[in-house]
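A.B. asks: Sharing work.cif below, mmCIF, C-alpha atoms:
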```cif
data_query
loop_
_atom_site.label_atom_id
_atom_site.label_comp_id
_atom_site.auth_asym_id
_atom_site.auth_seq_id
_atom_site.Cartn_x
_atom_site.Cartn_y
_atom_site.Cartn_z
CA MET L 198 0.00 0.00 0.00
CA THR L 199 1.53 3.31 -1.10
CA ASP L 200 1.52 6.39 1.07
CA LYS L 201 -0.75 9.18 -0.08
CA LYS L 202 1.16 12.06 -1.68
CA PRO L 203 1.16 15.03 0.71
CA ILE L 204 -0.49 18.28 -0.31
CA ARG L 205 2.36 20.68 -0.99
CA VAL L 206 2.00 24.36 -0.14
CA LEU L 207 4.56 27.09 -0.83
CA THR L 208 4.10 30.31 1.16
CA VAL L 209 5.75 33.33 -0.45
CA GLY L 210 6.35 36.27 1.87
CA THR L 211 6.37 34.58 5.26
CA GLY L 212 6.06 37.49 7.65
CA ALA L 213 3.37 37.64 10.32
CA ILE L 214 0.33 36.65 8.24
CA GLY L 215 2.28 34.14 6.17
CA ALA L 216 3.64 32.50 9.32
CA ILE L 217 0.23 32.17 10.94
CA TYR L 218 -1.49 30.61 7.94
CA SER L 219 1.50 28.42 7.07
CA TRP L 220 1.33 27.12 10.64
CA ARG L 221 -2.36 26.31 10.32
CA LEU L 222 -1.96 24.71 6.87
CA ALA L 223 0.90 22.59 8.24
CA GLN L 224 -1.66 20.69 10.30
CA SER L 225 -2.56 18.84 7.08
CA CYS L 226 0.00 19.89 4.42
CA HIS L 227 3.70 19.82 3.58
CA VAL L 228 4.65 23.50 3.88
CA THR L 229 7.63 25.34 2.43
CA THR L 230 8.11 28.95 3.49
CA ILE L 231 9.99 31.64 1.58
CA CYS L 232 11.64 33.98 4.07
CA ARG L 233 13.79 37.03 3.49
CA SER L 234 14.84 39.17 6.47
CA ASN L 235 13.89 36.37 8.90
CA TYR L 236 15.44 33.52 6.87
CA GLU L 237 18.35 32.56 9.14
CA MET L 238 16.27 32.72 12.32
CA VAL L 239 13.44 30.61 10.86
CA ARG L 240 15.83 28.12 9.22
CA ASP L 241 17.64 27.56 12.51
CA LYS L 242 14.81 27.82 15.05
CA GLY L 243 11.44 28.03 13.26
CA PHE L 244 8.74 30.53 14.15
CA ALA L 245 8.05 31.33 17.80
CA ILE L 246 4.31 32.03 17.68
CA ASP L 247 2.20 33.49 20.47
CA SER L 248 -1.47 33.45 19.47
CA LYS L 249 -4.43 34.32 21.63
CA LYS L 250 -6.57 31.99 19.51
CA TRP L 251 -4.26 28.96 19.19
CA GLY L 252 -1.77 29.37 22.00
CA GLN L 253 2.02 29.23 21.90
CA GLU L 254 4.04 26.97 19.66
CA ASN L 255 7.37 26.76 17.93
CA PHE L 256 6.37 26.15 14.30
CA ILE L 257 9.04 24.54 12.14
CA PRO L 258 8.08 24.45 8.45
CA ASN L 259 8.94 21.35 6.42
CA GLU L 260 11.33 23.47 4.37
CA VAL L 261 12.61 27.06 4.54
CA ALA L 262 14.12 28.86 1.53
CA ARG L 263 15.29 32.34 0.58
CA THR L 264 14.02 32.22 -2.99
CA VAL L 265 11.19 30.44 -4.77
CA PRO L 266 12.43 27.03 -5.92
CA LYS L 267 11.56 25.29 -9.16
CA PRO L 268 10.25 21.78 -8.43
CA ALA L 269 12.82 19.21 -9.54
CA THR L 270 10.28 16.47 -10.22
CA GLU L 271 6.55 16.11 -10.79
CA ASP L 272 6.17 14.75 -7.25
CA GLU L 273 7.67 17.97 -5.89
CA GLU L 274 5.30 20.29 -7.76
CA TYR L 275 3.28 22.57 -5.54
CA ASP L 276 -0.46 22.10 -5.25
CA TYR L 277 -0.84 25.63 -3.87
CA VAL L 278 1.28 28.76 -3.88
CA LEU L 279 0.09 31.06 -1.10
CA VAL L 280 1.10 34.70 -1.58
CA THR L 281 1.13 36.81 1.58
CA MET L 282 3.64 39.44 0.42
CA LYS L 283 2.76 43.10 0.48
CA ALA L 284 1.45 44.21 -2.91
CA LEU L 285 4.15 46.65 -4.07
CA PRO L 286 4.17 46.61 -7.89
CA ASP L 287 6.50 49.63 -7.96
CA VAL L 288 9.10 47.65 -5.99
CA TYR L 289 8.85 44.08 -7.29
CA SER L 290 6.79 41.81 -9.52
CA ILE L 291 4.97 39.06 -7.64
CA PRO L 292 4.35 37.06 -10.86
CA ASP L 293 8.11 37.09 -11.53
CA ILE L 294 8.85 35.99 -7.96
CA ILE L 295 6.43 33.04 -7.90
CA ALA L 296 6.90 31.94 -11.54
CA PRO L 297 9.46 29.15 -10.86
CA ALA L 298 6.95 27.35 -8.61
CA ILE L 299 3.95 27.56 -10.96
CA THR L 300 3.01 24.57 -13.08
CA PRO L 301 0.76 25.96 -15.87
CA GLY L 302 -2.84 24.89 -15.55
CA LYS L 303 -2.18 22.99 -12.33
CA THR L 304 -0.82 25.06 -9.44
CA ARG L 305 -3.54 26.85 -7.54
CA ILE L 306 -2.56 30.41 -6.56
CA ALA L 307 -4.00 31.71 -3.29
CA LEU L 308 -3.70 35.40 -2.43
CA ILE L 309 -4.05 36.72 1.12
CA GLN L 310 -3.28 40.36 0.46
CA ASN L 311 -4.68 43.81 1.11
CA GLY L 312 -6.18 46.09 -1.47
CA LEU L 313 -8.00 46.00 -4.76
CA GLY L 314 -6.78 44.50 -8.02
CA VAL L 315 -4.08 42.30 -6.47
CA GLU L 316 -5.30 39.48 -8.71
CA GLU L 317 -4.81 41.38 -12.00
CA PRO L 318 -1.07 40.76 -12.57
CA ILE L 319 -1.45 37.11 -11.49
CA VAL L 320 -4.28 36.45 -13.94
CA GLU L 321 -2.41 38.21 -16.73
CA ARG L 322 0.72 36.09 -16.21
CA PHE L 323 -0.96 32.77 -15.32
CA PRO L 324 -4.35 32.79 -17.12
CA ASP L 325 -4.82 29.01 -16.90
CA ASN L 326 -4.19 28.65 -13.17
CA PRO L 327 -7.04 28.77 -10.65
CA ILE L 328 -7.02 31.88 -8.45
CA ILE L 329 -8.17 31.77 -4.82
CA SER L 330 -8.61 35.33 -3.58
CA ILE L 331 -8.86 35.80 0.19
CA VAL L 332 -9.45 38.83 2.40
CA ALA L 333 -8.03 38.53 5.92
CA TYR L 334 -9.21 40.17 9.11
CA ILE L 335 -6.44 39.44 11.60
CA GLY L 336 -4.28 41.28 14.08
CA THR L 337 -0.76 39.89 13.94
CA SER L 338 2.79 41.23 13.73
CA GLN L 339 6.36 40.00 13.57
CA ILE L 340 7.84 41.73 16.58
CA GLU L 341 11.35 40.50 15.74
CA PRO L 342 12.66 38.06 13.11
CA GLY L 343 10.80 34.77 13.48
CA LYS L 344 8.80 35.94 16.50
CA ILE L 345 5.07 36.28 15.75
CA HIS L 346 2.44 37.83 18.01
CA MET L 347 -1.26 37.41 17.17
CA VAL L 348 -4.00 39.18 19.12
CA GLY L 349 -7.67 38.24 19.16
CA HIS L 350 -9.34 36.05 16.58
CA GLU L 351 -9.12 35.91 12.80
CA THR L 352 -11.52 35.67 9.90
CA LEU L 353 -10.87 34.85 6.26
CA VAL L 354 -13.29 35.55 3.42
CA ALA L 355 -12.57 33.58 0.26
CA GLY L 356 -14.30 34.01 -3.05
CA ASN L 357 -14.30 34.04 -6.79
CA TYR L 358 -12.39 36.72 -8.64
CA LEU L 359 -14.89 37.02 -11.44
CA PRO L 360 -12.58 38.24 -14.27
CA ALA L 361 -10.42 35.10 -13.85
CA VAL L 362 -10.94 31.49 -14.81
CA THR L 363 -12.24 30.47 -11.41
CA SER L 364 -12.61 27.06 -9.89
CA ASP L 365 -15.08 26.51 -7.09
CA ALA L 366 -13.37 23.20 -6.38
CA ALA L 367 -10.01 24.95 -5.88
CA ILE L 368 -11.54 27.45 -3.45
CA ASP L 369 -13.46 24.75 -1.60
CA ASP L 370 -10.40 22.52 -1.29
CA PHE L 371 -8.15 25.29 0.01
CA THR L 372 -10.69 26.64 2.48
CA GLU L 373 -11.16 23.10 3.78
CA LEU L 374 -7.41 22.86 4.45
CA LEU L 375 -7.57 26.16 6.35
CA LYS L 376 -10.56 24.93 8.34
CA GLN L 377 -8.67 21.77 9.25
CA GLY L 378 -6.13 24.10 10.81
CA GLY L 379 -8.84 25.77 12.88
CA CYS L 380 -9.22 28.90 10.75
CA ASN L 381 -12.52 30.75 10.49
CA VAL L 382 -13.28 30.86 6.75
CA SER L 383 -16.40 31.96 4.89
CA ARG L 384 -17.20 31.90 1.17
CA VAL L 385 -18.62 34.65 -1.03
CA PRO L 386 -19.52 34.53 -4.75
CA ASP L 387 -17.68 37.78 -5.56
CA VAL L 388 -14.55 38.61 -3.58
CA GLU L 389 -14.30 42.15 -4.99
CA LEU L 390 -17.39 43.21 -3.04
CA VAL L 391 -15.54 42.29 0.16
CA ARG L 392 -12.31 43.91 -1.05
CA TRP L 393 -14.15 47.17 -1.75
CA GLN L 394 -15.79 47.09 1.66
CA LYS L 395 -12.48 46.59 3.45
CA LEU L 396 -11.01 49.34 1.28
CA PHE L 397 -13.57 51.86 2.56
CA TRP L 398 -11.67 51.72 5.86
CA ASN L 399 -8.18 50.98 4.60
CA GLY L 400 -8.29 53.64 1.88
CA SER L 401 -9.42 56.36 4.29
CA PHE L 402 -8.15 55.79 7.82
CA SER L 403 -4.83 54.23 6.73
CA PRO L 404 -3.46 57.05 4.54
CA VAL L 405 -4.76 59.77 6.89
CA CYS L 406 -3.05 58.05 9.83
CA ALA L 407 0.14 57.83 7.78
CA ILE L 408 0.14 61.42 6.51
CA ALA L 409 -0.81 62.85 9.93
CA ARG L 410 1.44 60.41 11.84
CA MET L 411 -1.46 59.66 14.19
CA ASN L 412 -3.05 56.43 15.41
CA THR L 413 -6.79 55.78 15.06
CA THR L 414 -7.70 57.28 18.43
CA GLU L 415 -5.88 60.51 17.61
CA ILE L 416 -7.58 60.66 14.19
CA LEU L 417 -11.05 60.02 15.64
CA ASN L 418 -10.50 62.80 18.17
CA ASN L 419 -9.29 65.28 15.54
CA PRO L 420 -12.17 66.98 13.69
CA GLN L 421 -9.98 68.20 10.83
CA ALA L 422 -8.55 64.73 10.22
CA MET L 423 -12.02 63.16 10.31
CA VAL L 424 -13.22 65.55 7.60
CA THR L 425 -10.61 64.05 5.28
CA VAL L 426 -11.36 60.47 6.38
CA LYS L 427 -15.05 60.97 5.55
CA LYS L 428 -14.31 62.59 2.19
CA LEU L 429 -12.07 59.70 1.20
CA MET L 430 -14.53 57.08 2.41
CA ASN L 431 -17.40 58.72 0.56
CA GLU L 432 -15.42 58.85 -2.70
CA LEU L 433 -14.38 55.19 -2.34
CA ILE L 434 -18.00 54.14 -1.80
CA LYS L 435 -19.04 56.21 -4.80
CA SER L 436 -16.34 54.51 -6.86
CA ALA L 437 -17.49 51.03 -5.80
CA ASN L 438 -21.07 51.84 -6.71
CA ALA L 439 -19.95 53.04 -10.13
CA MET L 440 -18.56 49.52 -10.64
CA GLY L 441 -22.02 48.05 -10.15
CA TYR L 442 -22.30 47.64 -6.38
CA GLU L 443 -25.04 49.16 -4.24
CA PHE L 444 -23.47 50.32 -0.99
CA ASP L 445 -25.39 52.80 1.18
CA ALA L 446 -22.78 55.52 1.73
CA GLU L 447 -24.16 56.90 4.99
CA ALA L 448 -24.68 53.46 6.50
CA GLN L 449 -21.22 52.26 5.48
CA MET L 450 -19.51 55.36 6.86
CA GLU L 451 -21.39 55.19 10.15
CA THR L 452 -20.60 51.48 10.52
CA MET L 453 -16.90 51.88 9.71
CA ILE L 454 -16.40 54.76 12.13
CA GLN L 455 -18.40 53.12 14.92
CA ARG L 456 -16.56 49.81 14.46
CA THR L 457 -13.24 51.67 14.70
CA ARG L 458 -14.32 53.20 18.00
CA GLU L 459 -15.35 49.78 19.31
CA THR L 460 -12.53 47.55 18.09
CA ALA L 461 -9.56 49.51 16.75
CA MET L 462 -8.65 52.29 19.15
CA ASP L 463 -4.96 53.21 19.54
CA TYR L 464 -4.31 51.22 16.35
CA LYS L 465 -1.57 51.98 13.83
CA PRO L 466 -2.58 50.82 10.32
CA SER L 467 0.04 49.12 8.16
CA MET L 468 0.61 52.25 6.05
CA LEU L 469 1.64 54.21 9.14
CA LEU L 470 3.82 51.35 10.40
CA ASP L 471 5.53 51.07 7.00
CA LEU L 472 6.19 54.81 6.97
CA GLU L 473 7.65 54.72 10.48
CA ARG L 474 9.91 51.82 9.49
CA GLY L 475 11.13 53.53 6.34
CA GLN L 476 9.40 50.97 4.12
CA PRO L 477 7.21 51.62 1.05
CA MET L 478 3.44 51.72 1.63
CA GLU L 479 0.86 49.73 -0.37
CA VAL L 480 -0.29 52.79 -2.26
CA ALA L 481 -0.97 51.16 -5.63
CA VAL L 482 -3.57 48.66 -4.44
CA ILE L 483 -5.11 50.71 -1.63
CA LEU L 484 -5.41 54.07 -3.44
CA GLY L 485 -4.20 53.59 -7.02
CA THR L 486 -6.61 50.91 -8.22
CA PRO L 487 -9.79 52.57 -6.90
CA LEU L 488 -8.58 55.90 -8.35
CA LYS L 489 -7.98 54.28 -11.75
CA ARG L 490 -11.42 52.68 -11.72
CA ALA L 491 -13.14 55.88 -10.62
CA LYS L 492 -11.50 57.83 -13.44
CA ALA L 493 -12.45 55.15 -15.95
CA LYS L 494 -16.07 55.75 -14.94
CA GLY L 495 -15.70 59.53 -15.27
CA LEU L 496 -16.03 60.22 -11.55
CA SER L 497 -14.60 63.25 -9.78
CA VAL L 498 -12.68 62.01 -6.71
CA PRO L 499 -10.41 64.92 -5.73
CA SER L 500 -9.63 63.74 -2.18
CA LEU L 501 -8.69 60.27 -3.38
CA GLU L 502 -6.52 61.72 -6.13
CA LEU L 503 -4.74 64.10 -3.76
CA MET L 504 -4.11 61.39 -1.16
CA HIS L 505 -2.82 59.01 -3.84
CA ASP L 506 -0.41 61.65 -5.15
CA LEU L 507 0.88 62.53 -1.67
CA CYS L 508 1.40 58.91 -0.64
CA SER L 509 3.03 58.12 -3.99
CA ALA L 510 5.43 61.03 -3.46
CA ILE L 511 6.31 59.73 0.01
CA ASN L 512 6.91 56.26 -1.44
CA ALA L 513 9.21 57.66 -4.13
CA HIS L 514 11.14 59.56 -1.46
CA THR L 515 11.37 56.41 0.70
CA LEU L 516 12.63 54.27 -2.19
CA ASN L 517 15.20 56.90 -3.27
CA HIS L 518 16.64 56.99 0.23
CA ARG L 519 16.88 53.19 0.42
CA LYS L 520 19.16 53.00 -2.63
#
```
Take the structure from the file and write it as structure tokens.
C.D. replies:
Amino acid sequence: MTDKKPIRVLTVGTGAIGAIYSWRLAQSCHVTTICRSNYEMVRDKGFAIDSKKWGQENFIPNEVARTVPKPATEDEEYDYVLVTMKALPDVYSIPDIIAPAITPGKTRIALIQNGLGVEEPIVERFPDNPIISIVAYIGTSQIEPGKIHMVGHETLVAGNYLPAVTSDAAIDDFTELLKQGGCNVSRVPDVELVRWQKLFWNGSFSPVCAIARMNTTEILNNPQAMVTVKKLMNELIKSANAMGYEFDAEAQMETMIQRTRETAMDYKPSMLLDLERGQPMEVAVILGTPLKRAKAKGLSVPSLELMHDLCSAINAHTLNHRK
């Protein structure tokens, strides 16, 4: 009797989110993690994870690598490539990075990333590979190389990216693997609806926090800052509705602001953290894509355009100083 071939998962960009979901997938899969700044620590000692939901554990992946490997044999081909890198198309090409691991028409590509339009370059490069697009709601950070801290619970929303050749079986199979690891996963027919809804918050609070160098509590308590947050949020909702959705602007804004007061006080969004660390922000997918889509529909979105230009200028300055 032959042993069943293990399900092989390659996680690309194994920081905090990548570490958590690699850990959970490792309950039922053979997991290889691609690590950069934390490579030596993870190779030698694994990930030291402290999670309120799952407890403490030293997670040692099956394999740890610096760069994406090309499978040497058919048995070593990856069933899934999970991308948890920041979406920074001005800095690097994710399709170029993952290409060695992709078997055309076979490898399923799962994206757990922020923003809108993260699927576009993947679909363009790998049109015959199933795409699994996932939105994550999780509070986790890598407090030092290989040391992961996760607060509270987590939720994943997986769905079809409608412009792509989608496979319900691929999404169902991958979400089942996540559920086997104890993850909270739900399914939606159109993932872009969820991406837009998350963007209403991330495209308003995040850049205002970054530009003003304030956390969410300081923004909420600053009337001038909140004027800009509301303008951005309103323009993002208007842009989503121009794409065929039917969001109630007032209800969405009220919900987002109230939820921030209830669950995200004293919080520094990733854009602010990136700025403080001297790293580029995810401007293209958080502000650039909705701006591009709004303009394509002939909308006037002056606050969104101004914020995009300011954050893009900061990114250019950051990248120039890193050279």
A.B. asks: Within 9 Å of Val480 in chain L, counting only C-alpha atoms, which residues qualify if same-chain residues fewer than 3 places away don't, as a count of residues only?
C.D. replies: 14
A.B. asks: Restricting the calculation to all atoms listed in the file, which member of L:Asp287, L:Glu389, L:Glu321, L:Asp506 is positioned closest to Met440 in chain L?
C.D. replies: L:Glu389
A.B. asks: Taking the file as shown, what set of residues would the PyMOL selection byres ((chain L and resi 378) around 12) give back, as a JSON list (two decimals) with C-alpha atoms, in the frame of the given file?
C.D. replies:
```json
[["chain", "number", "residue", "atom", "x", "y", "z"],
["L", 217, "ILE", "CA", 0.23, 32.17, 10.94],
["L", 218, "TYR", "CA", -1.49, 30.61, 7.94],
["L", 219, "SER", "CA", 1.50, 28.42, 7.07],
["L", 220, "TRP", "CA", 1.33, 27.12, 10.64],
["L", 221, "ARG", "CA", -2.36, 26.31, 10.32],
["L", 222, "LEU", "CA", -1.96, 24.71, 6.87],
["L", 223, "ALA", "CA", 0.90, 22.59, 8.24],
["L", 224, "GLN", "CA", -1.66, 20.69, 10.30],
["L", 225, "SER", "CA", -2.56, 18.84, 7.08],
["L", 226, "CYS", "CA", 0.00, 19.89, 4.42],
["L", 250, "LYS", "CA", -6.57, 31.99, 19.51],
["L", 251, "TRP", "CA", -4.26, 28.96, 19.19],
["L", 371, "PHE", "CA", -8.15, 25.29, 0.01],
["L", 372, "THR", "CA", -10.69, 26.64, 2.48],
["L", 373, "GLU", "CA", -11.16, 23.10, 3.78],
["L", 374, "LEU", "CA", -7.41, 22.86, 4.45],
["L", 375, "LEU", "CA", -7.57, 26.16, 6.35],
["L", 376, "LYS", "CA", -10.56, 24.93, 8.34],
["L", 377, "GLN", "CA", -8.67, 21.77, 9.25],
["L", 379, "GLY", "CA", -8.84, 25.77, 12.88],
["L", 380, "CYS", "CA", -9.22, 28.90, 10.75],
["L", 381, "ASN", "CA", -12.52, 30.75, 10.49],
["L", 382, "VAL", "CA", -13.28, 30.86, 6.75]]
```
A.B. asks: Please write as a PyMOL selection string the full residue list that the PyMOL selection byres ((chain L and resi 357) around 6) yields on this file.
C.D. replies: chain L and resi 356+358-359+386-388
A.B. asks: For those residues, write C-alpha atoms to a file as a compact mmCIF listing (two decimals), in the coordinates of the input.
C.D. replies:
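New file part03.txt:
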```txt
# COMPACT_ATOMS: atom_id res chain seq x y z
CA GLY L 356 -14.30 34.01 -3.05
CA TYR L 358 -12.39 36.72 -8.64
CA LEU L 359 -14.89 37.02 -11.44
CA PRO L 386 -19.52 34.53 -4.75
CA ASP L 387 -17.68 37.78 -5.56
CA VAL L 388 -14.55 38.61 -3.58
```
A.B. asks: Applied to the shown file, which residues does the PyMOL selection byres ((chain L and resi 355) around 7) return, written as a PyMOL selection string?
C.D. replies: chain L and resi 329-332+353-354+356+383-385+388
A.B. asks: Could you give me, as an MDAnalysis selection string, the residues that sit within 9 Å of (3.9, 60.5, 9.4) in the file's coordinates, counting only C-alpha atoms?
C.D. replies: chainID L and resid 406:411 469 472:473
A.B. asks: Hey, can you check how far CA of Asp276 in chain L sits from CA of Ile204 in chain L?
C.D. replies: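 Going from CA of Asp276 in chain L over to CA of Ile204 in chain L, I get 6.2 Å.
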A.B. asks: Identify which of the residues L:Leu313, L:Ile291, L:Val206, L:Val405 lies closest to Gln421 in chain L, counting only C-alpha atoms when measuring atom-to-atom distances.
C.D. replies: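 Closest candidate: L:Val405.
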A.B. asks: Please measure the separation of CA of Ser290 in chain L and CA of Ala213 in chain L, giving the value in Å to one decimal.
C.D. replies: 20.6 Å
A.B. asks: So, counting only C-alpha atoms, which residue among L:Gln394, L:Thr515, L:Thr460, L:Asn326 is closest to Ala437 in chain L?
C.D. replies: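 Selected residue with least distance to Ala437 in chain L: L:Gln394.
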A.B. asks: Got a sec: who's within 12 Å of Met238 in chain L, counting all atoms listed in the file, leaving out chain neighbours fewer than 2 positions off, as a ChimeraX atom specification?
C.D. replies: /L:232-236,240-245,257,261-263,341-344
A.B. asks: Please, what distance in Å, to one decimal, runs between CA of Trp393 in chain L and CA of Ile434 in chain L?
C.D. replies: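 These atoms are spaced 8.0 Å apart.
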A.B. asks: Out of L:Ile340, L:Ile306, L:Met430, L:Val498, which residue has the shortest atom-to-atom distance to Ala361 in chain L when counting all atoms listed in the file?
C.D. replies: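 So, comparing all the options, the nearest one is L:Ile306.
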A.B. asks: For Tyr334 in chain L, which of L:Lys201, L:Arg305, L:Arg322, L:Lys395 is the closest residue, counting all atoms listed in the file?
C.D. replies: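 Using all atoms listed in the file, the shortest distance to Tyr334 in chain L belongs to L:Lys395.
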A.B. asks: I'd like to know which of L:Met478, L:Ile335, L:Ala439, L:Ile454 is closest to Met423 in chain L, using only C-alpha atoms.
C.D. replies: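 Residue with the minimum atom-to-atom distance to Met423 in chain L: L:Ile454.
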A.B. asks: At a cut-off of 12 Å, using all atoms listed in the file, what residues contact Asn418 in chain L? Leave out same-chain residues fewer than 5 positions from it and give the result as a list in words.
C.D. replies: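 Neighbouring residues, sequence-local ones excluded: Met411, Asn412, Thr413, Met423, Val424, Ile454, Thr457, Arg458, Met462 and Asp463 of chain L.
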A.B. asks: Produce a file of the selected residues containing C-alpha atoms, as an mmCIF file, in the frame of the given file.
C.D. replies:
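The resulting file, again_9.cif, is reproduced below:
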```cif
data_model
loop_
_atom_site.group_PDB
_atom_site.id
_atom_site.type_symbol
_atom_site.label_atom_id
_atom_site.label_comp_id
_atom_site.auth_asym_id
_atom_site.auth_seq_id
_atom_site.Cartn_x
_atom_site.Cartn_y
_atom_site.Cartn_z
ATOM 1 C CA MET L 411 -1.460 59.660 14.190
ATOM 2 C CA ASN L 412 -3.050 56.430 15.410
ATOM 3 C CA THR L 413 -6.790 55.780 15.060
ATOM 4 C CA MET L 423 -12.020 63.160 10.310
ATOM 5 C CA VAL L 424 -13.220 65.550 7.600
ATOM 6 C CA ILE L 454 -16.400 54.760 12.130
ATOM 7 C CA THR L 457 -13.240 51.670 14.700
ATOM 8 C CA ARG L 458 -14.320 53.200 18.000
ATOM 9 C CA MET L 462 -8.650 52.290 19.150
ATOM 10 C CA ASP L 463 -4.960 53.210 19.540
#
```
A.B. asks: Name the residues in contact with Val278 in chain L at a cut-off of 12 Å, using all atoms listed in the file, excluding same-chain residues fewer than 3 positions from it; report them as number ranges by chain.
C.D. replies: L: 204-211, 215, 219, 222, 227-231, 265-266, 274-275, 281-282, 291-292, 294-300, 303-309, 319, 326-330, 371
A.B. asks: Next, dump the selected residues to file, keeping only C-alpha atoms, as a PDB file, in the coordinates of the input.
C.D. replies:
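In the end it all went to part.pdb:
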```pdb
ATOM      1  CA  ILE L 204      -0.490  18.280  -0.310  1.00  0.00           C
ATOM      2  CA  ARG L 205       2.360  20.680  -0.990  1.00  0.00           C
ATOM      3  CA  VAL L 206       2.000  24.360  -0.140  1.00  0.00           C
ATOM      4  CA  LEU L 207       4.560  27.090  -0.830  1.00  0.00           C
ATOM      5  CA  THR L 208       4.100  30.310   1.160  1.00  0.00           C
ATOM      6  CA  VAL L 209       5.750  33.330  -0.450  1.00  0.00           C
ATOM      7  CA  GLY L 210       6.350  36.270   1.870  1.00  0.00           C
ATOM      8  CA  THR L 211       6.370  34.580   5.260  1.00  0.00           C
ATOM      9  CA  GLY L 215       2.280  34.140   6.170  1.00  0.00           C
ATOM     10  CA  SER L 219       1.500  28.420   7.070  1.00  0.00           C
ATOM     11  CA  LEU L 222      -1.960  24.710   6.870  1.00  0.00           C
ATOM     12  CA  HIS L 227       3.700  19.820   3.580  1.00  0.00           C
ATOM     13  CA  VAL L 228       4.650  23.500   3.880  1.00  0.00           C
ATOM     14  CA  THR L 229       7.630  25.340   2.430  1.00  0.00           C
ATOM     15  CA  THR L 230       8.110  28.950   3.490  1.00  0.00           C
ATOM     16  CA  ILE L 231       9.990  31.640   1.580  1.00  0.00           C
ATOM     17  CA  VAL L 265      11.190  30.440  -4.770  1.00  0.00           C
ATOM     18  CA  PRO L 266      12.430  27.030  -5.920  1.00  0.00           C
ATOM     19  CA  GLU L 274       5.300  20.290  -7.760  1.00  0.00           C
ATOM     20  CA  TYR L 275       3.280  22.570  -5.540  1.00  0.00           C
ATOM     21  CA  THR L 281       1.130  36.810   1.580  1.00  0.00           C
ATOM     22  CA  MET L 282       3.640  39.440   0.420  1.00  0.00           C
ATOM     23  CA  ILE L 291       4.970  39.060  -7.640  1.00  0.00           C
ATOM     24  CA  PRO L 292       4.350  37.060 -10.860  1.00  0.00           C
ATOM     25  CA  ILE L 294       8.850  35.990  -7.960  1.00  0.00           C
ATOM     26  CA  ILE L 295       6.430  33.040  -7.900  1.00  0.00           C
ATOM     27  CA  ALA L 296       6.900  31.940 -11.540  1.00  0.00           C
ATOM     28  CA  PRO L 297       9.460  29.150 -10.860  1.00  0.00           C
ATOM     29  CA  ALA L 298       6.950  27.350  -8.610  1.00  0.00           C
ATOM     30  CA  ILE L 299       3.950  27.560 -10.960  1.00  0.00           C
ATOM     31  CA  THR L 300       3.010  24.570 -13.080  1.00  0.00           C
ATOM     32  CA  LYS L 303      -2.180  22.990 -12.330  1.00  0.00           C
ATOM     33  CA  THR L 304      -0.820  25.060  -9.440  1.00  0.00           C
ATOM     34  CA  ARG L 305      -3.540  26.850  -7.540  1.00  0.00           C
ATOM     35  CA  ILE L 306      -2.560  30.410  -6.560  1.00  0.00           C
ATOM     36  CA  ALA L 307      -4.000  31.710  -3.290  1.00  0.00           C
ATOM     37  CA  LEU L 308      -3.700  35.400  -2.430  1.00  0.00           C
ATOM     38  CA  ILE L 309      -4.050  36.720   1.120  1.00  0.00           C
ATOM     39  CA  ILE L 319      -1.450  37.110 -11.490  1.00  0.00           C
ATOM     40  CA  ASN L 326      -4.190  28.650 -13.170  1.00  0.00           C
ATOM     41  CA  PRO L 327      -7.040  28.770 -10.650  1.00  0.00           C
ATOM     42  CA  ILE L 328      -7.020  31.880  -8.450  1.00  0.00           C
ATOM     43  CA  ILE L 329      -8.170  31.770  -4.820  1.00  0.00           C
ATOM     44  CA  SER L 330      -8.610  35.330  -3.580  1.00  0.00           C
ATOM     45  CA  PHE L 371      -8.150  25.290   0.010  1.00  0.00           C
TER      46      PHE L 371
END
```
